[in-house]
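Chemist: Contents of model-v3.cif (mmCIF, C-alpha atoms and all ligand atoms):
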```cif
data_run
#
loop_
_atom_site.label_atom_id
_atom_site.label_comp_id
_atom_site.auth_asym_id
_atom_site.auth_seq_id
_atom_site.Cartn_x
_atom_site.Cartn_y
_atom_site.Cartn_z
CA MET A 1 194.15 56.09 152.70
CA SER A 2 197.40 57.14 151.13
CA THR A 3 197.84 60.19 148.99
CA ALA A 4 200.36 60.18 146.16
CA THR A 5 202.93 62.95 146.45
CA SER A 6 204.82 64.92 143.84
CA GLY A 7 208.54 65.68 144.03
CA SER A 8 207.78 68.85 146.06
CA SER A 9 205.83 66.61 148.53
CA ARG A 10 202.58 68.51 147.84
CA PRO A 11 199.50 66.29 147.36
CA THR A 12 199.00 65.44 143.70
CA THR A 13 195.47 66.07 142.41
CA PHE A 14 194.39 63.54 139.79
CA VAL A 15 191.57 64.40 137.47
CA LEU A 16 189.99 61.41 135.78
CA GLY A 17 186.39 61.15 134.68
CA GLY A 18 185.81 64.67 136.04
CA LEU A 19 186.56 63.66 139.65
CA SER A 20 189.72 64.83 141.37
CA SER A 21 191.37 62.55 143.90
CA ILE A 22 190.69 65.13 146.62
CA SER A 23 186.96 65.19 145.82
CA ALA A 24 187.05 61.39 145.70
CA LYS A 25 188.64 61.26 149.17
CA LEU A 26 186.09 63.70 150.55
CA LEU A 27 183.23 61.65 149.09
CA MET A 28 184.87 58.52 150.46
CA ALA A 29 184.91 60.06 153.96
CA LEU A 30 181.31 61.29 153.62
CA THR A 31 179.96 57.90 152.47
CA GLY A 32 182.11 56.18 155.13
CA THR A 33 180.55 58.40 157.82
CA GLY A 34 177.07 57.43 156.61
CA LEU A 35 177.94 53.73 156.71
CA LEU A 36 179.53 54.09 160.16
CA ILE A 37 176.33 55.68 161.49
CA PHE A 38 174.30 52.83 159.96
CA VAL A 39 176.52 50.15 161.52
CA ALA A 40 176.28 51.83 164.96
CA ALA A 41 172.48 52.25 164.74
CA HIS A 42 172.06 48.66 163.48
CA MET A 43 174.16 47.32 166.35
CA LEU A 44 172.12 49.27 168.92
CA GLY A 45 168.95 47.82 167.37
CA ASN A 46 170.39 44.29 167.42
CA LEU A 47 171.48 44.58 171.06
CA GLN A 48 167.78 44.67 171.97
CA ILE A 49 168.02 40.90 171.64
CA TYR A 50 169.22 41.03 175.29
CA LEU A 51 165.83 42.54 176.24
CA GLY A 52 164.04 39.42 174.95
CA GLN A 53 161.89 38.12 172.12
CA ASP A 54 159.03 40.59 172.52
CA LYS A 55 161.23 43.72 172.45
CA LEU A 56 163.31 42.62 169.42
CA ASN A 57 160.32 41.44 167.38
CA ALA A 58 158.40 44.64 168.20
CA TYR A 59 161.39 46.73 167.06
CA ALA A 60 161.65 44.75 163.77
CA LYS A 61 157.91 45.17 163.20
CA PHE A 62 158.15 48.90 163.91
CA LEU A 63 160.92 49.29 161.27
CA LYS A 64 158.96 47.36 158.66
CA GLY A 65 155.75 49.26 159.51
CA MET A 66 156.98 52.33 157.58
CA PRO A 67 157.57 50.93 154.06
CA LEU A 68 158.26 54.29 152.40
CA LEU A 69 160.89 55.23 154.98
CA LEU A 70 162.32 51.70 154.97
CA TRP A 71 162.72 51.57 151.18
CA SER A 72 164.16 55.10 151.03
CA ALA A 73 166.72 54.12 153.68
CA ARG A 74 167.51 50.88 151.81
CA ALA A 75 167.98 52.75 148.51
CA GLY A 76 170.20 55.33 150.24
CA LEU A 77 172.23 52.59 151.88
CA ILE A 78 172.77 50.68 148.62
CA ALA A 79 173.80 53.89 146.80
CA THR A 80 176.15 54.91 149.63
CA PHE A 81 177.75 51.47 149.82
CA GLY A 82 178.13 51.24 146.03
CA LEU A 83 179.72 54.70 145.84
CA HIS A 84 182.05 53.94 148.75
CA LEU A 85 183.25 50.72 147.12
CA GLY A 86 183.59 52.28 143.67
CA LEU A 87 185.62 55.19 145.08
CA ALA A 88 187.91 52.80 146.96
CA VAL A 89 188.76 50.96 143.73
CA TYR A 90 189.11 54.27 141.84
CA LEU A 91 191.50 55.77 144.42
CA ARG A 92 193.55 52.57 144.57
CA ARG A 93 194.00 52.71 140.76
CA GLN A 94 194.98 56.38 140.92
CA ASN A 95 197.60 55.70 143.58
CA ARG A 96 198.98 52.76 141.58
CA ARG A 97 199.20 54.92 138.44
CA ALA A 98 201.09 57.59 140.38
CA ARG A 99 203.78 55.14 141.49
CA PRO A 100 203.64 52.08 139.25
CA GLN A 101 206.93 50.78 140.63
CA GLY A 102 205.62 50.83 144.23
CA TYR A 103 207.52 52.03 147.26
CA VAL A 104 211.24 51.32 147.33
CA VAL A 105 211.24 51.23 151.13
CA ASP A 106 208.28 49.68 152.94
CA ASP A 107 208.10 51.66 156.18
CA PRO A 108 205.98 49.72 158.71
CA VAL A 109 206.15 52.65 161.17
CA GLU A 110 204.28 54.95 158.79
CA THR A 111 201.49 52.55 157.81
CA SER A 112 199.47 50.28 160.08
CA LEU A 113 198.12 46.83 159.17
CA ALA A 114 194.60 48.32 159.09
CA SER A 115 195.57 51.07 156.63
CA ARG A 116 197.41 48.65 154.32
CA THR A 117 194.48 46.23 154.19
CA MET A 118 191.57 48.67 153.76
CA LEU A 119 190.56 47.39 150.32
CA THR A 120 190.85 43.74 151.39
CA SER A 121 188.89 44.24 154.62
CA GLY A 122 186.31 46.30 152.69
CA LEU A 123 185.83 43.48 150.17
CA VAL A 124 185.47 40.94 153.00
CA ILE A 125 182.76 43.16 154.55
CA PHE A 126 181.05 43.35 151.14
CA ALA A 127 181.10 39.53 150.84
CA PHE A 128 179.75 39.28 154.42
CA LEU A 129 176.95 41.72 153.57
CA VAL A 130 175.84 39.66 150.56
CA TYR A 131 175.75 36.54 152.77
CA HIS A 132 174.06 38.46 155.63
CA LEU A 133 171.24 39.70 153.38
CA LEU A 134 170.73 36.20 151.93
CA HIS A 135 170.67 34.89 155.49
CA PHE A 136 168.51 37.23 157.59
CA THR A 137 166.73 39.55 155.16
CA LEU A 138 165.88 37.20 152.27
CA GLY A 139 165.91 33.89 154.18
CA VAL A 140 167.70 32.08 151.37
CA THR A 141 170.44 30.32 153.36
CA ASN A 142 168.35 29.21 156.40
CA PRO A 143 164.71 29.22 155.19
CA ALA A 144 163.40 27.11 158.11
CA THR A 145 164.40 29.72 160.70
CA HIS A 146 163.21 32.64 158.58
CA SER A 147 159.53 31.67 158.38
CA LEU A 148 158.86 31.60 162.16
CA THR A 149 156.25 33.85 163.75
CA ASP A 150 155.74 34.64 167.45
CA ALA A 151 152.57 34.43 169.55
CA ALA A 152 151.55 37.92 168.36
CA GLY A 153 151.89 36.84 164.70
CA ARG A 154 155.03 38.93 164.12
CA HIS A 155 158.12 37.79 162.24
CA ASP A 156 160.11 36.02 164.97
CA VAL A 157 163.46 37.75 164.42
CA TYR A 158 164.63 36.76 167.92
CA SER A 159 164.26 33.00 167.34
CA MET A 160 165.68 33.34 163.82
CA VAL A 161 168.88 34.90 165.21
CA VAL A 162 169.21 32.42 168.11
CA LEU A 163 168.57 29.35 165.93
CA SER A 164 171.01 30.59 163.29
CA PHE A 165 173.84 31.32 165.71
CA ARG A 166 173.50 27.88 167.34
CA ASN A 167 175.28 26.68 164.22
CA ILE A 168 179.00 27.04 164.95
CA TYR A 169 179.85 27.63 161.28
CA VAL A 170 177.33 30.46 160.94
CA SER A 171 178.54 32.05 164.21
CA GLY A 172 182.16 31.55 163.16
CA ALA A 173 181.56 33.29 159.83
CA TYR A 174 179.94 36.26 161.62
CA ILE A 175 182.73 36.52 164.19
CA ILE A 176 185.44 36.48 161.51
CA ALA A 177 183.55 39.08 159.46
CA MET A 178 183.23 41.31 162.56
CA LEU A 179 187.01 41.08 163.15
CA PHE A 180 187.54 42.40 159.62
CA LEU A 181 184.91 45.08 160.29
CA GLY A 182 186.83 46.13 163.41
CA LEU A 183 190.11 46.29 161.49
CA HIS A 184 188.48 48.36 158.74
CA LEU A 185 186.76 50.78 161.13
CA SER A 186 189.85 51.30 163.28
CA HIS A 187 191.57 53.01 160.36
CA ALA A 188 188.40 54.42 158.75
CA THR A 189 187.36 56.44 161.80
CA SER A 190 190.68 58.25 162.25
CA SER A 191 190.95 58.63 158.47
CA ILE A 192 187.58 60.41 158.38
CA PHE A 193 188.85 63.03 160.87
CA GLN A 194 192.04 63.44 158.86
CA THR A 195 190.22 63.88 155.54
CA PHE A 196 187.93 66.50 157.03
CA GLY A 197 191.03 68.30 158.28
CA LEU A 198 190.24 67.80 161.95
CA THR A 199 193.66 66.52 162.92
CA GLY A 200 196.75 68.50 163.72
CA ASN A 201 199.97 66.75 164.69
CA ALA A 202 199.07 66.97 168.39
CA SER A 203 195.55 65.52 168.06
CA ARG A 204 196.36 62.80 165.49
CA GLY A 205 197.27 60.30 168.20
CA TRP A 206 193.99 60.96 169.99
CA TYR A 207 191.95 60.39 166.84
CA GLN A 208 193.79 57.14 166.20
CA LYS A 209 192.85 56.02 169.73
CA LEU A 210 189.26 57.13 169.12
CA GLY A 211 189.29 55.07 165.90
CA TRP A 212 190.31 51.97 167.84
CA ALA A 213 187.72 52.66 170.56
CA VAL A 214 184.86 53.05 168.05
CA ALA A 215 185.98 49.91 166.18
CA ALA A 216 186.28 47.92 169.41
CA ILE A 217 182.80 48.94 170.64
CA LEU A 218 181.14 48.00 167.33
CA MET A 219 183.12 44.79 166.99
CA ILE A 220 182.54 43.59 170.57
CA GLY A 221 178.85 44.61 170.54
CA ASN A 222 178.20 42.58 167.38
CA ILE A 223 180.37 39.60 168.33
CA SER A 224 178.68 39.39 171.73
CA ILE A 225 175.46 38.14 170.07
CA PRO A 226 176.75 34.89 168.47
CA VAL A 227 178.94 34.33 171.56
CA ALA A 228 175.92 34.76 173.87
CA VAL A 229 173.97 32.21 171.79
CA LEU A 230 176.83 29.70 171.67
CA THR A 231 177.38 29.93 175.43
CA GLY A 232 173.66 29.51 176.14
CA MET A 233 173.23 33.00 177.60
CA LEU A 234 170.64 33.71 174.92
CA GLY A 235 168.17 30.84 174.60
CA LEU A 236 165.02 30.01 172.67
CA PRO A 237 161.66 31.25 174.02
CA GLU A 238 159.12 28.72 175.34
CA GLY A 239 157.35 26.83 172.58
CA VAL A 240 160.00 27.39 169.89
CA ALA A 241 161.73 24.17 168.89
CA GLN A 242 164.89 23.53 166.90
CA PRO A 243 163.67 22.85 163.31
C1 LIG B 301 176.21 39.98 164.79
C2 LIG B 301 176.00 41.01 163.99
C3 LIG B 301 174.70 41.26 163.28
C4 LIG B 301 173.43 40.78 163.53
C5 LIG B 301 172.98 39.86 164.65
C6 LIG B 301 172.56 41.33 162.54
C7 LIG B 301 171.20 41.07 162.43
C8 LIG B 301 170.39 41.44 161.40
C9 LIG B 301 169.03 41.03 161.23
C10 LIG B 301 168.25 40.12 162.19
C11 LIG B 301 168.56 41.60 160.09
C12 LIG B 301 167.15 41.43 159.48
C13 LIG B 301 166.17 42.27 160.21
C14 LIG B 301 164.76 41.92 159.82
O1 LIG B 301 164.53 41.33 158.77
O2 LIG B 301 163.89 42.28 160.58
C15 LIG B 301 169.63 42.38 159.53
C16 LIG B 301 169.56 43.13 158.39
C17 LIG B 301 170.60 43.86 157.86
N1 LIG B 301 171.87 43.96 158.36
FE1 LIG B 301 172.57 43.07 160.00
N2 LIG B 301 173.29 42.15 161.70
C18 LIG B 301 174.59 42.14 162.12
C19 LIG B 301 175.65 42.84 161.57
C20 LIG B 301 175.56 43.66 160.46
C21 LIG B 301 176.64 44.44 159.92
C22 LIG B 301 178.05 44.50 160.51
C23 LIG B 301 176.14 45.10 158.84
C24 LIG B 301 176.85 46.05 157.92
C25 LIG B 301 178.12 46.00 157.62
C26 LIG B 301 174.76 44.72 158.69
C27 LIG B 301 173.92 45.17 157.70
C28 LIG B 301 172.59 44.80 157.54
C29 LIG B 301 171.74 45.27 156.47
C30 LIG B 301 172.14 46.23 155.34
C31 LIG B 301 170.49 44.68 156.67
C32 LIG B 301 169.24 44.85 155.81
C33 LIG B 301 168.35 45.90 156.42
C34 LIG B 301 167.04 45.94 155.67
O3 LIG B 301 166.38 44.92 155.56
O4 LIG B 301 166.71 47.00 155.22
N3 LIG B 301 174.43 43.85 159.70
N4 LIG B 301 170.73 42.27 160.36
#
```
Please go through the file and, once you have read it, give me the structure as structure tokens.
Modeler:
Amino acid sequence: MSTATSGSSRPTTFVLGGLSSISAKLLMALTGTGLLIFVAAHMLGNLQIYLGQDKLNAYAKFLKGMPLLLWSARAGLIATFGLHLGLAVYLRRQNRRARPQGYVVDDPVETSLASRTMLTSGLVIFAFLVYHLLHFTLGVTNPATHSLTDAAGRHDVYSMVVLSFRNIYVSGAYIIAMLFLGLHLSHATSSIFQTFGLTGNASRGWYQKLGWAVAAILMIGNISIPVAVLTGMLGLPEGVAQP
């Protein structure tokens, strides 16, 4: 996230709609932290697919067995995501207004690819999320795999995921989306530390490395699932046939 600077090189504080750019950046970091925690928790939940059909389906049933908690978490997640996206667009407009002519010198040493493409990667993740919800949560894109139940009568999330990822186009779309997620998180994580004032000059390099490590873990963990299905490491349980 770049901050516009005045002639004296002090950060410029914009006030538009009652929200200063510094408050907007703080809120951006706070909502980003919430989303990061969700993505990490969701990945850990999804990795239970390696423990088999029973474990994953039991976990999905457990989550859906607390409707009040589930809907509160969903509402919180939608609000957090909406605020995060809205703030990103707001801050981008503020930065543009501060320097309508753009930078005279584009210094590739100062800005990384990840930092320059934050809005683009964020919008790709948003598009992925819409598709992902239509796919696994609402069962709109692959209805045949969404209606399966296991021997215990539970929603068969395990078979739904395996059957879906056997389609190379579906797996490909997920893998590409996860690459964008990794790019986004690599900058987001170190940016969060910076916004909260946790970086001095000496520790900045360490936080950038931490950003890459967090992004790599989340990216590889998620990508491993479609790859494991495509390579046959994760297969269908007995009695479940390809629809
Ligand atoms: C390979 C990666 C992923 C897999 C295999 C996966 C799998 C799933 C599955 C199976 C569900 C439905 C659970 C159910 O109905 O019981 C789900 C829901 C969801 N996923 Fe993912 N997911 C992945 C990545 C992501 C990422 C990166 C995000 C966020 C950026 C995300 C956000 C969500 C959300 C918001 C829901 C809806 C949760 C709800 O119903 O309340 N997922 N995911």
Chemist: Using only C-alpha atoms, which of A:Ser191, A:Ser171, A:Ser21, A:Thr111 sits nearest Ser224 in chain A?
Modeler: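 Closest candidate: A:Ser171.
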Chemist: Can I get the residues close to ligand LIG 301 (chain B) as a PyMOL selection string, where close means within 7 Å and we count all atoms listed in the file?
Modeler: chain A and resi 39+42-43+46+60+70+74+125+129+132-133+136-137+157+161+174+178+181+222-223+225-226
Chemist: Which residues come within 10 Å of Ala213 in chain A, counting all atoms listed in the file, excluding same-chain residues fewer than 5 positions away, as a PDB file with C-alpha atoms, in the frame of the given file?
Modeler:
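Generated file (around-v5.pdb):
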```pdb
ATOM      1  CA  GLY A 182     186.830  46.130 163.410  1.00  0.00           C
ATOM      2  CA  LEU A 185     186.760  50.780 161.130  1.00  0.00           C
ATOM      3  CA  SER A 186     189.850  51.300 163.280  1.00  0.00           C
ATOM      4  CA  THR A 189     187.360  56.440 161.800  1.00  0.00           C
ATOM      5  CA  TYR A 207     191.950  60.390 166.840  1.00  0.00           C
ATOM      6  CA  GLN A 208     193.790  57.140 166.200  1.00  0.00           C
ATOM      7  CA  LEU A 218     181.140  48.000 167.330  1.00  0.00           C
ATOM      8  CA  MET A 219     183.120  44.790 166.990  1.00  0.00           C
TER       9      MET A 219
END
```
Chemist: May I have the residues within 12 Å of Gly239 in chain A as a list in words, using only C-alpha atoms and disregarding those fewer than 2 positions away in the same chain?
Modeler: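 Close residues of Gly239 in chain A: Leu148, Thr149, Asp150, Ala151, Ser159, Gly235, Leu236, Pro237, Ala241, Gln242 and Pro243 of chain A.
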Chemist: Would you compute the distance between CA of Val124 in chain A and CA of Gly86 in chain A? Give it in Å to one decimal.
Modeler: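 We find that CA of Val124 in chain A and CA of Gly86 in chain A lie 14.8 Å from each other.
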Chemist: Distance cut-off 10 Å, centre (165.5, 36.2, 175.4) in file coordinates, counting only C-alpha atoms: which residues qualify? Return them as an MDAnalysis selection string.
Modeler: chainID A and resid 48:56 158:159 162 233:238
Chemist: In Å, with one decimal, what is the gap from CA of Val214 in chain A to CA of Ser115 in chain A?
Modeler: 15.8 Å
Chemist: Do you know which residues are at most 10 Å from Leu113 in chain A counting only C-alpha atoms, after dropping those on the same chain fewer than 4 positions away, and could you put them as JSON, numbers by chain?
Modeler: {"A": [108, 117, 118, 183, 184, 187]}
Chemist: In Å, how far is it from CA of Ala79 in chain A to CA of Leu134 in chain A?
Modeler: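 CA of Leu134 in chain A lies at a distance of 18.7 Å from CA of Ala79 in chain A.
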Chemist: Choose the residue, out of A:Leu87, A:Ala98, A:Leu163, A:Phe180, that has the smallest atom-to-atom separation from Ala215 in chain A; count all atoms listed in the file.
Modeler: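 Nearest candidate to Ala215 in chain A out of A:Leu87, A:Ala98, A:Leu163, A:Phe180: A:Phe180.
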Chemist: List as a list in words the protein and nucleic acid residues near range 166-169 of chain A, meaning an atom at most 9 Å away when all atoms listed in the file are counted, but skip any in the same chain fewer than 6 places from it.
Modeler: Pro226, Val229, Leu230 and Gly232 of chain A
Chemist: The residues within 10 Å of (157.8, 36.5, 158.9), using all atoms listed in the file and the coordinates of the file, should be reported as a list in words; which are they?
Modeler: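 The residues near that point, listed by chain and number, are Lys61, Gly139, Thr145, His146, Ser147, Leu148, Thr149, Asp150, Gly153, Arg154, His155, Asp156, Val157 and Met160 of chain A.
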Chemist: So which one's closest to Ala152 in chain A, A:Leu35, A:Ala58, A:Leu198, A:Leu26? Using all atoms listed in the file, please.
Modeler: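 Using all atoms listed in the file, Ala152 in chain A sits closest to A:Ala58.
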Chemist: Return as AutoDock Vina command-line options the centre and edge lengths, in Å with one decimal, of the box along x, y and z that encloses every atom of range 186-191 of chain A in the file, padded by 5 Å per side.
Modeler:
```
--center_x 189.5 --center_y 55.0 --center_z 160.9 --size_x 14.2 --size_y 17.3 --size_z 14.8
```
Chemist: Nearest residue to Lys209 in chain A out of A:Leu68, A:Ala127, A:Ala188, A:Leu47, using all atoms listed in the file?
Modeler: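 The closest residue to Lys209 in chain A is A:Ala188.
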Chemist: Start from the incomplete input, build N, CA and C atoms for range 220-243 of chain A, and deliver everything as an mmCIF file, keeping the file's coordinate frame.
Modeler:
```cif
data_model
loop_
_atom_site.group_PDB
_atom_site.id
_atom_site.type_symbol
_atom_site.label_atom_id
_atom_site.label_comp_id
_atom_site.auth_asym_id
_atom_site.auth_seq_id
_atom_site.Cartn_x
_atom_site.Cartn_y
_atom_site.Cartn_z
ATOM 1 N N ILE A 220 182.904 44.391 169.386
ATOM 2 C CA ILE A 220 182.540 43.590 170.570
ATOM 3 C C ILE A 220 181.012 43.497 170.700
ATOM 4 N N GLY A 221 180.322 44.613 170.452
ATOM 5 C CA GLY A 221 178.850 44.610 170.540
ATOM 6 C C GLY A 221 178.259 43.580 169.599
ATOM 7 N N ASN A 222 178.734 43.538 168.360
ATOM 8 C CA ASN A 222 178.200 42.580 167.380
ATOM 9 C C ASN A 222 178.611 41.146 167.705
ATOM 10 N N ILE A 223 179.887 40.966 168.056
ATOM 11 C CA ILE A 223 180.370 39.600 168.330
ATOM 12 C C ILE A 223 179.688 39.011 169.566
ATOM 13 N N SER A 224 179.284 39.894 170.489
ATOM 14 C CA SER A 224 178.680 39.390 171.730
ATOM 15 C C SER A 224 177.430 38.552 171.447
ATOM 16 N N ILE A 225 176.734 38.840 170.322
ATOM 17 C CA ILE A 225 175.460 38.140 170.070
ATOM 18 C C ILE A 225 175.688 36.652 169.714
ATOM 19 N N PRO A 226 176.503 36.327 168.682
ATOM 20 C CA PRO A 226 176.750 34.890 168.470
ATOM 21 C C PRO A 226 177.403 34.205 169.670
ATOM 22 N N VAL A 227 178.285 34.937 170.386
ATOM 23 C CA VAL A 227 178.940 34.330 171.560
ATOM 24 C C VAL A 227 177.898 34.033 172.645
ATOM 25 N N ALA A 228 176.957 34.969 172.844
ATOM 26 C CA ALA A 228 175.920 34.760 173.870
ATOM 27 C C ALA A 228 175.029 33.569 173.506
ATOM 28 N N VAL A 229 174.780 33.363 172.215
ATOM 29 C CA VAL A 229 173.970 32.210 171.790
ATOM 30 C C VAL A 229 174.754 30.914 172.002
ATOM 31 N N LEU A 230 176.020 30.925 171.560
ATOM 32 C CA LEU A 230 176.830 29.700 171.670
ATOM 33 C C LEU A 230 177.058 29.286 173.119
ATOM 34 N N THR A 231 177.142 30.266 174.029
ATOM 35 C CA THR A 231 177.380 29.930 175.430
ATOM 36 C C THR A 231 176.079 29.665 176.196
ATOM 37 N N GLY A 232 174.944 29.795 175.506
ATOM 38 C CA GLY A 232 173.660 29.510 176.140
ATOM 39 C C GLY A 232 173.086 30.674 176.916
ATOM 40 N N MET A 233 173.753 31.826 176.875
ATOM 41 C CA MET A 233 173.230 33.000 177.600
ATOM 42 C C MET A 233 171.943 33.494 176.955
ATOM 43 N N LEU A 234 171.875 33.371 175.631
ATOM 44 C CA LEU A 234 170.640 33.710 174.920
ATOM 45 C C LEU A 234 170.015 32.398 174.460
ATOM 46 N N GLY A 235 168.813 32.109 174.951
ATOM 47 C CA GLY A 235 168.170 30.840 174.600
ATOM 48 C C GLY A 235 166.887 31.052 173.822
ATOM 49 N N LEU A 236 166.279 29.934 173.417
ATOM 50 C CA LEU A 236 165.020 30.010 172.670
ATOM 51 C C LEU A 236 163.861 30.284 173.615
ATOM 52 N N PRO A 237 162.838 31.023 173.175
ATOM 53 C CA PRO A 237 161.660 31.250 174.020
ATOM 54 C C PRO A 237 160.851 29.947 174.147
ATOM 55 N N GLU A 238 159.979 29.900 175.153
ATOM 56 C CA GLU A 238 159.120 28.720 175.340
ATOM 57 C C GLU A 238 158.335 28.445 174.071
ATOM 58 N N GLY A 239 158.220 27.196 173.710
ATOM 59 C CA GLY A 239 157.350 26.830 172.580
ATOM 60 C C GLY A 239 158.047 26.851 171.230
ATOM 61 N N VAL A 240 159.282 27.394 171.177
ATOM 62 C CA VAL A 240 160.000 27.390 169.890
ATOM 63 C C VAL A 240 160.977 26.220 169.924
ATOM 64 N N ALA A 241 160.866 25.350 168.927
ATOM 65 C CA ALA A 241 161.730 24.170 168.890
ATOM 66 C C ALA A 241 162.752 24.296 167.777
ATOM 67 N N GLN A 242 163.847 23.561 167.945
ATOM 68 C CA GLN A 242 164.890 23.530 166.900
ATOM 69 C C GLN A 242 164.291 22.845 165.666
ATOM 70 N N PRO A 243 164.273 23.507 164.482
ATOM 71 C CA PRO A 243 163.670 22.850 163.310
ATOM 72 C C PRO A 243 164.519 21.677 162.832
#
```
